[in-house]
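Undergrad: First the structure, which I've put down as structure tokens, then a few questions once you've had a look.
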Amino acid sequence: MKYVGEASQGPVAEVAAGSRPVLPAPSRGAPAPEQRAHDEQHGTRNRVARSILDHGPSTAAELAVRLELTSAAVRRHLDTLVADGVVEAREKRVYGARTRGRPARVFALTDCGRDAFDQAYDKLAQDALRWIAQSAGGGEMGEAAVAAFARARMAAQAEGYREALEAAAPEDRAEVLARALTADGYAATARSAPVGEQLCQHHCPVAHVAEQFPQLCEAETEVFSRLLGTHVQRLATIAHGDGVCTTFIPKKTTTASTSTAGRNPA
């Protein structure tokens, strides 16, 4: 269900370029000073939501620094976004040994909030993939046909990345791939991790389709492996309910190329 806010609100307002709005536009009947104040609150709230989309689940303190707002202001906007079902609070995932004290709370977009940014033709894509599977005979043959389509789609997309990655030094390739993915709408970042790097995609334009057809995630992981020249491991995906698609890239190069079908490893 798309987020539309209060029923009394008028047309929706714009958010970041190329994105659909998250929050409803203010009422046209409000007096000018109130209108301006409402517009300002509305715009800032969209910036908070957009920052979570671009950077993944974030603490209030991280958002305050990123948006140059006070922590109190960010928390007020987060309270409204939570009440409206646009974001939800979660316990921050900790990698490695836990420190003392309660884990920090992070705020992540809900499916409803993410939908507001998607310019998706989800049903059309799902119907097309379902038709491919049925035309191939269904069952294992149908799944194989969808997988072949997913590989062909990703191979074509990867051609746009290949030249930039081949020109980059091996240690810079994850960052170069993240920039290329961001240009294609995946809001990707690369960061250091113990014994390797993590490629994080904070947005997935096909997440809802990939829920039903995990072959899309598998094909993407295989392409990452070929582009980076090393075995990679998919740790989490948005399609599987995680806040971010996370791919682990080890420092040591190996020859294998596998995926975990977009699920957390056992």
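Residues are named by chain letter and number: chains run A, B, ... in the order of the structure tokens, numbers start at 1 in each chain, and ligands are numbered from 1 in the order shown.
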Could you name the residues that touch region 166-181 of chain A at 9 Å or less, counting only C-alpha atoms, but leaving out those on the same chain fewer than 5 positions away, as a list in words?
TA: Gly160, Tyr161, Tyr186, Ala187, Ala188, Thr189, Ala190, Arg191, Glu197, Gln198, Leu199, Cys200, Gln201, Phe224, Leu227, Leu228, Gly229, Ile249 and Lys251 of chain A
Undergrad: Keeping only C-alpha atoms, write those residues as a compact mmCIF listing (two decimals), in the first residue's frame.
TA:
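Output file result00.txt follows:
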# COMPACT_ATOMS: atom_id res chain seq x y z
CA GLY A 160 27.94 -0.50 -18.30
CA TYR A 161 30.12 -1.10 -15.23
CA TYR A 186 20.63 1.50 -5.85
CA ALA A 187 22.02 4.12 -3.39
CA ALA A 188 25.11 1.95 -2.85
CA THR A 189 28.15 2.43 -0.63
CA ALA A 190 31.33 0.47 0.02
CA ARG A 191 32.89 0.28 3.46
CA GLU A 197 34.76 -4.96 2.47
CA GLN A 198 30.99 -4.69 2.42
CA LEU A 199 29.04 -3.46 -0.57
CA CYS A 200 25.74 -2.04 0.73
CA GLN A 201 22.76 -1.23 -1.48
CA PHE A 224 29.34 -8.83 -8.63
CA LEU A 227 33.16 -7.86 -11.95
CA LEU A 228 35.26 -7.85 -8.76
CA GLY A 229 37.25 -10.95 -9.69
CA ILE A 249 33.89 -9.00 -0.45
CA LYS A 251 40.37 -9.42 0.80
Undergrad: Determine, for each residue of region 62-150 of chain A having at least one atom at most 10 Å from an atom of region 40-53 of chain A, the closest pair of atoms and their separation in Å to one decimal, counting only C-alpha atoms; order by chain and ascending number, as a Markdown table.
TA:
| residue | atom | partner | partner_atom | distance |
| --- | --- | --- | --- | --- |
| A:Glu62 | CA | A:Ser51 | CA | 9.9 |
| A:Leu63 | CA | A:Val48 | CA | 7.1 |
| A:Ala64 | CA | A:Val48 | CA | 9.0 |
| A:Arg66 | CA | A:Ser51 | CA | 8.0 |
| A:Leu67 | CA | A:Val48 | CA | 7.6 |
| A:Leu69 | CA | A:Thr44 | CA | 9.5 |
| A:Ala73 | CA | A:Thr44 | CA | 9.6 |
| A:Val74 | CA | A:Val48 | CA | 7.6 |
| A:Arg76 | CA | A:Arg45 | CA | 9.3 |
| A:His77 | CA | A:Arg45 | CA | 5.7 |
| A:Leu78 | CA | A:Val48 | CA | 7.8 |
| A:Thr80 | CA | A:Arg45 | CA | 8.5 |
| A:Leu81 | CA | A:Arg45 | CA | 7.7 |
| A:Val86 | CA | A:Ala49 | CA | 7.9 |
| A:Val87 | CA | A:Ala49 | CA | 7.7 |
| A:Val106 | CA | A:Ile52 | CA | 9.7 |
| A:Phe107 | CA | A:Ile52 | CA | 7.5 |
| A:Ala108 | CA | A:Ile52 | CA | 6.4 |
| A:Leu109 | CA | A:Ile52 | CA | 6.8 |
| A:Gly113 | CA | A:Ala49 | CA | 8.0 |
| A:Arg114 | CA | A:Leu53 | CA | 7.6 |
| A:Phe117 | CA | A:Arg50 | CA | 8.6 |
Undergrad: Could you take the residues named above and write them with C-alpha atoms, as a CSV table (one decimal), in the first residue's frame?
TA:
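Saved the output as out-v3.csv:
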chain,number,residue,atom,x,y,z
A,62,GLU,CA,23.6,10.1,12.5
A,63,LEU,CA,20.7,11.8,10.8
A,64,ALA,CA,21.3,15.0,12.8
A,66,ARG,CA,24.1,14.2,8.1
A,67,LEU,CA,21.3,16.8,7.8
A,69,LEU,CA,19.8,19.5,12.4
A,73,ALA,CA,14.4,18.2,15.7
A,74,VAL,CA,15.3,14.9,14.1
A,76,ARG,CA,10.4,15.0,16.4
A,77,HIS,CA,10.4,14.2,12.6
A,78,LEU,CA,11.1,10.6,13.3
A,80,THR,CA,5.9,11.6,13.1
A,81,LEU,CA,7.3,9.3,10.4
A,86,VAL,CA,6.9,5.5,7.0
A,87,VAL,CA,9.8,4.4,9.2
A,106,VAL,CA,18.2,2.8,14.3
A,107,PHE,CA,15.3,3.9,12.0
A,108,ALA,CA,14.6,2.1,8.8
A,109,LEU,CA,12.1,2.7,6.0
A,113,GLY,CA,7.8,4.2,3.1
A,114,ARG,CA,10.0,2.5,0.6
A,117,PHE,CA,10.1,6.2,-3.5
Undergrad: Taking the backbone alone, and naming residues the way the document does, which bits of region 12-241 of chain A are alpha helix (DSSP H) by DSSP, as an MDAnalysis selection string?
TA: chainID A and resid 32:55 60:67 71:83 111:115 122:135 139:167 173:183 207:212 215:228
Undergrad: Figure out the distance between CA of Thr230 (chain A) and CA of Lys92 (chain A), please, to one decimal in Å.
TA: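 The value is 29.2 Å.
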Undergrad: Considering only strand (DSSP E or B) as DSSP defines it on the backbone, what residues of region 157-218 of chain A qualify? List them as a PyMOL selection string.
TA: chain A and resi 188-193+196-201
Undergrad: CA of Gln157 (chain A) and CA of Val195 (chain A), how far apart in Å?
TA: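 So the answer is 28.5 Å.
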Undergrad: Interatomic distance between CA of Glu159 (chain A) and CA of Val223 (chain A)?
TA: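 Atom-to-atom, CA of Glu159 (chain A) and CA of Val223 (chain A) are spaced 10.2 Å apart.
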